[in-house]
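**Q** Supplied structure: query_3.cif, mmCIF, C-alpha atoms, pLDDT in the B column; chains and numbers go by the auth columns.
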data_coords
loop_
_atom_site.group_PDB
_atom_site.id
_atom_site.type_symbol
_atom_site.label_atom_id
_atom_site.label_comp_id
_atom_site.label_asym_id
_atom_site.label_seq_id
_atom_site.Cartn_x
_atom_site.Cartn_y
_atom_site.Cartn_z
_atom_site.B_iso_or_equiv
_atom_site.auth_seq_id
_atom_site.auth_asym_id
ATOM 1 C CA MET A 1 -3.584 4.993 20.379 84.00 1 Y
ATOM 2 C CA THR A 2 -3.029 1.908 18.269 91.00 2 Y
ATOM 3 C CA THR A 3 -4.422 0.769 14.979 93.00 3 Y
ATOM 4 C CA ARG A 4 -3.946 -2.238 12.788 95.00 4 Y
ATOM 5 C CA GLY A 5 -3.549 -2.911 9.127 96.00 5 Y
ATOM 6 C CA VAL A 6 -2.180 -5.176 6.459 97.00 6 Y
ATOM 7 C CA LEU A 7 0.961 -4.969 4.355 97.00 7 Y
ATOM 8 C CA TYR A 8 0.760 -6.649 0.972 97.00 8 Y
ATOM 9 C CA VAL A 9 4.059 -7.074 -0.835 97.00 9 Y
ATOM 10 C CA HIS A 10 2.623 -7.944 -4.239 97.00 10 Y
ATOM 11 C CA SER A 11 5.909 -8.529 -6.025 97.00 11 Y
ATOM 12 C CA ALA A 12 9.575 -8.321 -5.145 97.00 12 Y
ATOM 13 C CA PRO A 13 12.659 -9.817 -6.781 97.00 13 Y
ATOM 14 C CA ARG A 14 14.119 -12.599 -4.624 96.00 14 Y
ATOM 15 C CA ALA A 15 17.245 -10.561 -3.809 96.00 15 Y
ATOM 16 C CA LEU A 16 15.082 -7.766 -2.400 96.00 16 Y
ATOM 17 C CA CYS A 17 13.032 -9.974 -0.030 97.00 17 Y
ATOM 18 C CA PRO A 18 15.439 -9.867 2.970 97.00 18 Y
ATOM 19 C CA HIS A 19 15.797 -6.100 2.569 96.00 19 Y
ATOM 20 C CA VAL A 20 12.014 -5.736 2.710 97.00 20 Y
ATOM 21 C CA GLU A 21 11.954 -7.755 5.943 97.00 21 Y
ATOM 22 C CA TRP A 22 14.716 -5.602 7.461 96.00 22 Y
ATOM 23 C CA ALA A 23 12.896 -2.393 6.506 96.00 23 Y
ATOM 24 C CA ILE A 24 9.648 -3.616 8.059 96.00 24 Y
ATOM 25 C CA ALA A 25 11.489 -4.749 11.205 96.00 25 Y
ATOM 26 C CA GLY A 26 13.043 -1.299 11.498 95.00 26 Y
ATOM 27 C CA VAL A 27 9.581 0.276 11.550 95.00 27 Y
ATOM 28 C CA LEU A 28 7.856 -2.264 13.806 94.00 28 Y
ATOM 29 C CA GLY A 29 10.753 -2.767 16.210 94.00 29 Y
ATOM 30 C CA VAL A 30 10.555 -6.576 16.047 93.00 30 Y
ATOM 31 C CA ARG A 31 12.323 -9.209 13.975 94.00 31 Y
ATOM 32 C CA VAL A 32 10.348 -9.960 10.809 94.00 32 Y
ATOM 33 C CA THR A 33 10.410 -13.149 8.762 94.00 33 Y
ATOM 34 C CA LEU A 34 7.801 -13.247 6.043 96.00 34 Y
ATOM 35 C CA ASP A 35 6.381 -16.326 4.335 96.00 35 Y
ATOM 36 C CA TRP A 36 7.386 -15.604 0.735 96.00 36 Y
ATOM 37 C CA ILE A 37 5.568 -17.395 -2.064 96.00 37 Y
ATOM 38 C CA LYS A 38 6.072 -17.165 -5.813 95.00 38 Y
ATOM 39 C CA GLN A 39 4.069 -14.450 -7.531 95.00 39 Y
ATOM 40 C CA PRO A 40 2.480 -16.045 -10.603 93.00 40 Y
ATOM 41 C CA ALA A 41 1.567 -12.648 -12.081 93.00 41 Y
ATOM 42 C CA ALA A 42 5.259 -11.774 -12.650 93.00 42 Y
ATOM 43 C CA ASN A 43 7.843 -14.480 -13.236 93.00 43 Y
ATOM 44 C CA GLY A 44 10.854 -14.314 -10.949 94.00 44 Y
ATOM 45 C CA THR A 45 9.104 -12.328 -8.223 96.00 45 Y
ATOM 46 C CA TRP A 46 7.800 -13.227 -4.788 97.00 46 Y
ATOM 47 C CA ARG A 47 4.926 -12.036 -2.643 97.00 47 Y
ATOM 48 C CA ALA A 48 4.088 -11.914 1.058 96.00 48 Y
ATOM 49 C CA GLU A 49 1.471 -10.387 3.290 94.00 49 Y
ATOM 50 C CA PHE A 50 0.890 -9.961 6.960 90.00 50 Y
ATOM 51 C CA SER A 51 -1.249 -8.043 9.400 92.00 51 Y
ATOM 52 C CA TRP A 52 0.327 -5.589 11.814 95.00 52 Y
ATOM 53 C CA GLN A 53 -0.666 -3.621 14.878 93.00 53 Y
ATOM 54 C CA GLY A 54 1.024 -0.428 15.959 93.00 54 Y
ATOM 55 C CA GLU A 55 0.732 3.261 16.668 94.00 55 Y
ATOM 56 C CA VAL A 56 -1.246 5.563 14.418 95.00 56 Y
ATOM 57 C CA GLY A 57 1.151 6.525 11.629 95.00 57 Y
ATOM 58 C CA THR A 58 2.701 3.070 11.289 96.00 58 Y
ATOM 59 C CA ALA A 59 1.225 2.644 7.786 97.00 59 Y
ATOM 60 C CA SER A 60 2.961 5.798 6.570 97.00 60 Y
ATOM 61 C CA LYS A 61 6.236 4.669 8.154 97.00 61 Y
ATOM 62 C CA LEU A 62 5.978 1.284 6.436 97.00 62 Y
ATOM 63 C CA ALA A 63 5.191 2.910 3.073 97.00 63 Y
ATOM 64 C CA SER A 64 8.108 5.321 3.491 97.00 64 Y
ATOM 65 C CA ALA A 65 10.490 2.490 4.371 97.00 65 Y
ATOM 66 C CA LEU A 66 9.511 0.548 1.245 97.00 66 Y
ATOM 67 C CA ARG A 67 8.984 3.284 -1.326 92.00 67 Y
ATOM 68 C CA GLY A 68 12.623 3.645 -2.335 85.00 68 Y
ATOM 69 C CA TRP A 69 12.853 0.307 -4.169 89.00 69 Y
ATOM 70 C CA HIS A 70 11.834 0.681 -7.767 85.00 70 Y
ATOM 71 C CA LEU A 71 11.168 -3.030 -8.417 92.00 71 Y
ATOM 72 C CA LEU A 72 8.698 -3.417 -5.533 97.00 72 Y
ATOM 73 C CA ARG A 73 4.899 -3.479 -5.747 97.00 73 Y
ATOM 74 C CA PHE A 74 3.110 -3.110 -2.428 98.00 74 Y
ATOM 75 C CA GLU A 75 0.102 -1.820 -0.530 98.00 75 Y
ATOM 76 C CA VAL A 76 -0.232 -0.841 3.109 98.00 76 Y
ATOM 77 C CA THR A 77 -3.563 -0.292 4.811 97.00 77 Y
ATOM 78 C CA ALA A 78 -4.450 1.022 8.259 96.00 78 Y
ATOM 79 C CA GLU A 79 -7.873 0.813 9.832 95.00 79 Y
ATOM 80 C CA PRO A 80 -9.494 3.936 11.240 94.00 80 Y
ATOM 81 C CA CYS A 81 -9.441 4.290 15.024 92.00 81 Y
ATOM 82 C CA ALA A 82 -10.762 6.717 17.621 90.00 82 Y
ATOM 83 C CA THR A 83 -8.088 9.325 16.860 91.00 83 Y
ATOM 84 C CA ALA A 84 -7.409 8.891 13.138 93.00 84 Y
ATOM 85 C CA GLU A 85 -8.980 8.036 9.811 94.00 85 Y
ATOM 86 C CA GLY A 86 -7.779 4.973 7.971 96.00 86 Y
ATOM 87 C CA GLU A 87 -5.122 5.041 5.282 96.00 87 Y
ATOM 88 C CA ARG A 88 -4.147 3.220 2.142 97.00 88 Y
ATOM 89 C CA TYR A 89 -0.806 3.381 0.342 98.00 89 Y
ATOM 90 C CA SER A 90 -0.237 1.730 -3.019 98.00 90 Y
ATOM 91 C CA SER A 91 3.048 1.643 -4.906 97.00 91 Y
ATOM 92 C CA THR A 92 4.121 0.382 -8.305 97.00 92 Y
ATOM 93 C CA PRO A 93 7.384 0.798 -10.217 95.00 93 Y
ATOM 94 C CA GLU A 94 5.638 2.678 -13.025 95.00 94 Y
ATOM 95 C CA LEU A 95 3.331 4.948 -11.016 96.00 95 Y
ATOM 96 C CA GLY A 96 5.182 5.533 -7.769 96.00 96 Y
ATOM 97 C CA ILE A 97 3.219 5.875 -4.549 96.00 97 Y
ATOM 98 C CA PHE A 98 -0.450 6.703 -3.997 97.00 98 Y
ATOM 99 C CA HIS A 99 -1.930 7.711 -0.646 97.00 99 Y
ATOM 100 C CA ALA A 100 -5.575 7.922 0.324 97.00 100 Y
ATOM 101 C CA VAL A 101 -7.390 8.618 3.564 96.00 101 Y
ATOM 102 C CA THR A 102 -10.170 6.113 4.178 95.00 102 Y
ATOM 103 C CA GLY A 103 -13.292 6.325 6.284 92.00 103 Y
ATOM 104 C CA MET A 104 -14.742 3.737 8.617 89.00 104 Y
ATOM 105 C CA HIS A 105 -16.423 1.877 5.736 89.00 105 Y
ATOM 106 C CA GLY A 106 -13.303 1.848 3.542 88.00 106 Y
ATOM 107 C CA ASP A 107 -14.384 4.707 1.284 93.00 107 Y
ATOM 108 C CA ILE A 108 -11.671 7.051 0.047 96.00 108 Y
ATOM 109 C CA LEU A 109 -12.064 10.535 1.512 96.00 109 Y
ATOM 110 C CA ILE A 110 -10.823 13.238 -0.871 96.00 110 Y
ATOM 111 C CA PRO A 111 -9.980 16.633 0.651 95.00 111 Y
ATOM 112 C CA GLU A 112 -11.848 19.545 -0.913 96.00 112 Y
ATOM 113 C CA ASP A 113 -8.659 21.354 -1.977 97.00 113 Y
ATOM 114 C CA ARG A 114 -7.655 18.359 -4.099 96.00 114 Y
ATOM 115 C CA LEU A 115 -11.114 18.312 -5.689 96.00 115 Y
ATOM 116 C CA ARG A 116 -10.907 22.042 -6.404 97.00 116 Y
ATOM 117 C CA ALA A 117 -7.458 21.616 -7.980 97.00 117 Y
ATOM 118 C CA ALA A 118 -8.759 18.785 -10.192 96.00 118 Y
ATOM 119 C CA LEU A 119 -11.711 20.935 -11.280 96.00 119 Y
ATOM 120 C CA ALA A 120 -9.395 23.862 -12.021 97.00 120 Y
ATOM 121 C CA ARG A 121 -7.032 21.737 -14.155 96.00 121 Y
ATOM 122 C CA SER A 122 -10.007 20.380 -16.055 96.00 122 Y
ATOM 123 C CA ALA A 123 -11.528 23.841 -16.554 96.00 123 Y
ATOM 124 C CA ARG A 124 -8.205 25.110 -17.966 96.00 124 Y
ATOM 125 C CA GLY A 125 -8.174 22.198 -20.418 96.00 125 Y
ATOM 126 C CA GLU A 126 -5.056 20.667 -18.870 96.00 126 Y
ATOM 127 C CA SER A 127 -6.778 17.345 -18.184 94.00 127 Y
ATOM 128 C CA ASP A 128 -10.025 15.459 -18.347 95.00 128 Y
ATOM 129 C CA LEU A 129 -12.184 15.648 -15.187 96.00 129 Y
ATOM 130 C CA GLU A 130 -12.942 11.927 -15.255 96.00 130 Y
ATOM 131 C CA GLU A 131 -9.207 11.185 -15.466 95.00 131 Y
ATOM 132 C CA GLU A 132 -8.506 13.567 -12.577 95.00 132 Y
ATOM 133 C CA ILE A 133 -11.112 11.889 -10.372 96.00 133 Y
ATOM 134 C CA ALA A 134 -9.765 8.448 -11.291 97.00 134 Y
ATOM 135 C CA LYS A 135 -6.303 9.548 -10.086 96.00 135 Y
ATOM 136 C CA LEU A 136 -7.761 10.929 -6.843 97.00 136 Y
ATOM 137 C CA LEU A 137 -9.389 7.541 -6.229 97.00 137 Y
ATOM 138 C CA GLY A 138 -6.212 5.617 -7.077 97.00 138 Y
ATOM 139 C CA LYS A 139 -7.693 3.875 -10.121 97.00 139 Y
ATOM 140 C CA PRO A 140 -4.421 3.687 -12.097 97.00 140 Y
ATOM 141 C CA TRP A 141 -2.786 1.934 -9.114 97.00 141 Y
ATOM 142 C CA ASP A 142 -5.767 -0.387 -8.672 97.00 142 Y
ATOM 143 C CA ASP A 143 -5.685 -1.269 -12.373 96.00 143 Y
ATOM 144 C CA GLU A 144 -1.984 -2.103 -12.258 95.00 144 Y
ATOM 145 C CA LEU A 145 -2.116 -4.019 -8.960 96.00 145 Y
ATOM 146 C CA GLU A 146 -5.286 -6.038 -9.591 95.00 146 Y
ATOM 147 C CA PRO A 147 -3.556 -8.994 -11.322 93.00 147 Y
ATOM 148 C CA PHE A 148 -1.109 -9.166 -8.409 94.00 148 Y
ATOM 149 C CA ARG A 149 -3.913 -9.051 -5.828 92.00 149 Y
ATOM 150 C CA TYR A 150 -5.800 -11.837 -7.569 84.00 150 Y
ATOM 151 C CA ALA A 151 -2.675 -13.983 -7.698 73.00 151 Y
ATOM 152 C CA GLY A 152 -2.398 -13.706 -3.906 58.00 152 Y
ATOM 153 C CA GLU A 153 -5.829 -15.029 -2.969 59.00 153 Y
ATOM 154 C CA GLY A 154 -5.497 -17.666 -0.281 57.00 154 Y
ATOM 155 C CA ALA A 155 -1.973 -16.599 0.703 54.00 155 Y
ATOM 156 C CA PRO A 156 -1.009 -16.947 4.387 51.00 156 Y
ATOM 157 C CA VAL A 157 -1.259 -13.897 6.644 46.00 157 Y
ATOM 158 C CA ARG A 158 0.999 -13.322 9.668 47.00 158 Y
ATOM 159 C CA TRP A 159 0.168 -10.962 12.565 45.00 159 Y
ATOM 160 C CA LEU A 160 2.944 -8.696 13.785 47.00 160 Y
ATOM 161 C CA HIS A 161 2.769 -6.244 16.671 50.00 161 Y
ATOM 162 C CA GLN A 162 4.864 -3.136 17.064 52.00 162 Y
ATOM 163 C CA VAL A 163 6.787 -2.821 20.318 50.00 163 Y
ATOM 164 C CA VAL A 164 5.589 0.389 21.964 46.00 164 Y
#
Reformat the file's structure so that it appears as structure tokens.
**A**
Amino acid sequence: MTTRGVLYVHSAPRALCPHVEWAIAGVLGVRVTLDWIKQPAANGTWRAEFSWQGEVGTASKLASALRGWHLLRFEVTAEPCATAEGERYSSTPELGIFHAVTGMHGDILIPEDRLRAALARSARGESDLEEEIAKLLGKPWDDELEPFRYAGEGAPVRWLHQVV
């Protein structure tokens, strides 16, 4: 079963750009050349985005391939398909990586055990419930990435297909 999604590299230092392409190519099994443009939200960084198509699980493989670089900001999405829910990965240097399962309308689906754990931490006074829910929904990542998303409006998108 295949799915499709989008990879947004929101910011990368110029020296890291070819390494990002090589990592993506290693996951997709095809040569990758991205159209890098300057990222106005962070001087000295570049951004790129493209759509991909591949097997279910490709989004997690892309996120895993990119997560080791501390200076990289990125998001990977995968659409739901007949055999799997959708996914969203967000990563920032300060926060690390966030993963969410998404439904057919793009809503984040939070497993009940994670909700119970958030309620328990709040009940013990370890954290604020509103803060816990915000983390489960990825709000800190959204807040940090929003200026980088806005700066990329109108950027070119390239379709890539995984060799299966």
**Q** For each of Y:Leu66, Y:Leu137, Y:His99, Y:Ala48, take the minimum atom-to-atom distance to Y:Ile24, counting only C-alpha atoms, then give the residue where this is smallest.
**A**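 Distance minimum relative to Y:Ile24 lands on Y:Leu66.
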**Q** Quick one, how far is atom CA of Y:Ser91 from atom CA of Y:Glu49?
**A**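 Result for atom CA of Y:Ser91 versus atom CA of Y:Glu49: 14.6 Å, one decimal.
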**Q** Between atom CA of Y:Gly26 and atom CA of Y:Gly138, what distance in Å does the model show, to one decimal?
**A**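 Between atom CA of Y:Gly26 and atom CA of Y:Gly138 the gap works out to 27.6 Å.
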**Q** Every residue with an atom at most 12 Å from (-14.7, 2.6, 1.1) (file coordinates; all atoms listed in the file) is what I'm after, so could you write them as a ChimeraX atom specification?
**A** /Y:79-80,85-88,100-110,137
**Q** Applied to this file, what does the PyMOL selection byres ((chain Y and resi 36) around 10) return in terms of residues, put as a PyMOL selection string?
**A** chain Y and resi 9+11-12+14+17+33-35+37-39+45-49+155-156
**Q** Under the PyMOL selection byres ((chain Y and resi 139-148) around 8), which residues of this model are included? Write them out as a PDB file with C-alpha atoms, in the coordinates of the input.
**A**
ATOM      1  CA  HIS Y  10       2.623  -7.944  -4.239  1.00 97.00           C
ATOM      2  CA  SER Y  11       5.909  -8.529  -6.025  1.00 97.00           C
ATOM      3  CA  GLN Y  39       4.069 -14.450  -7.531  1.00 95.00           C
ATOM      4  CA  ALA Y  41       1.567 -12.648 -12.081  1.00 93.00           C
ATOM      5  CA  ARG Y  73       4.899  -3.479  -5.747  1.00 97.00           C
ATOM      6  CA  SER Y  90      -0.237   1.730  -3.019  1.00 98.00           C
ATOM      7  CA  SER Y  91       3.048   1.643  -4.906  1.00 97.00           C
ATOM      8  CA  THR Y  92       4.121   0.382  -8.305  1.00 97.00           C
ATOM      9  CA  LEU Y  95       3.331   4.948 -11.016  1.00 96.00           C
ATOM     10  CA  PHE Y  98      -0.450   6.703  -3.997  1.00 97.00           C
ATOM     11  CA  ALA Y 134      -9.765   8.448 -11.291  1.00 97.00           C
ATOM     12  CA  LYS Y 135      -6.303   9.548 -10.086  1.00 96.00           C
ATOM     13  CA  LEU Y 136      -7.761  10.929  -6.843  1.00 97.00           C
ATOM     14  CA  LEU Y 137      -9.389   7.541  -6.229  1.00 97.00           C
ATOM     15  CA  GLY Y 138      -6.212   5.617  -7.077  1.00 97.00           C
ATOM     16  CA  ARG Y 149      -3.913  -9.051  -5.828  1.00 92.00           C
ATOM     17  CA  TYR Y 150      -5.800 -11.837  -7.569  1.00 84.00           C
ATOM     18  CA  ALA Y 151      -2.675 -13.983  -7.698  1.00 73.00           C
ATOM     19  CA  GLY Y 152      -2.398 -13.706  -3.906  1.00 58.00           C
TER      20      GLY Y 152
END
**Q** If you count all atoms listed in the file, which residues fall within 6 Å of Y:Leu7, apart from same-chain ones fewer than 3 positions away, as a PyMOL selection string?
**A** chain Y and resi 49-50+75-76
**Q** Record the distance separating atom CA of Y:His19 and atom CA of Y:Met1, expressed in Å with one decimal.
**A**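 A separation of 28.6 Å between them.
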**Q** With distances taken over all atoms listed in the file, which of Y:Thr3, Y:Leu62, Y:Gly44, Y:Tyr89 is nearest to Y:Glu21?
**A**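 Among the listed residues, the smallest separation from Y:Glu21 belongs to Y:Leu62.
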**Q** Find the spatial neighbours of Y:Gly68, counting only C-alpha atoms, within a cut-off of 10 Å - ignore same-chain residues fewer than 4 positions away - and output them as a PyMOL selection string.
**A** chain Y and resi 63-64+72+93+96-97
**Q** Hey, which of Y:Val6, Y:Ala25, Y:Val20, Y:Val56 ends up closest to Y:Thr83? Count all atoms listed in the file.
**A**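 With all atoms listed in the file as the atom set, the closest residue is Y:Val56.
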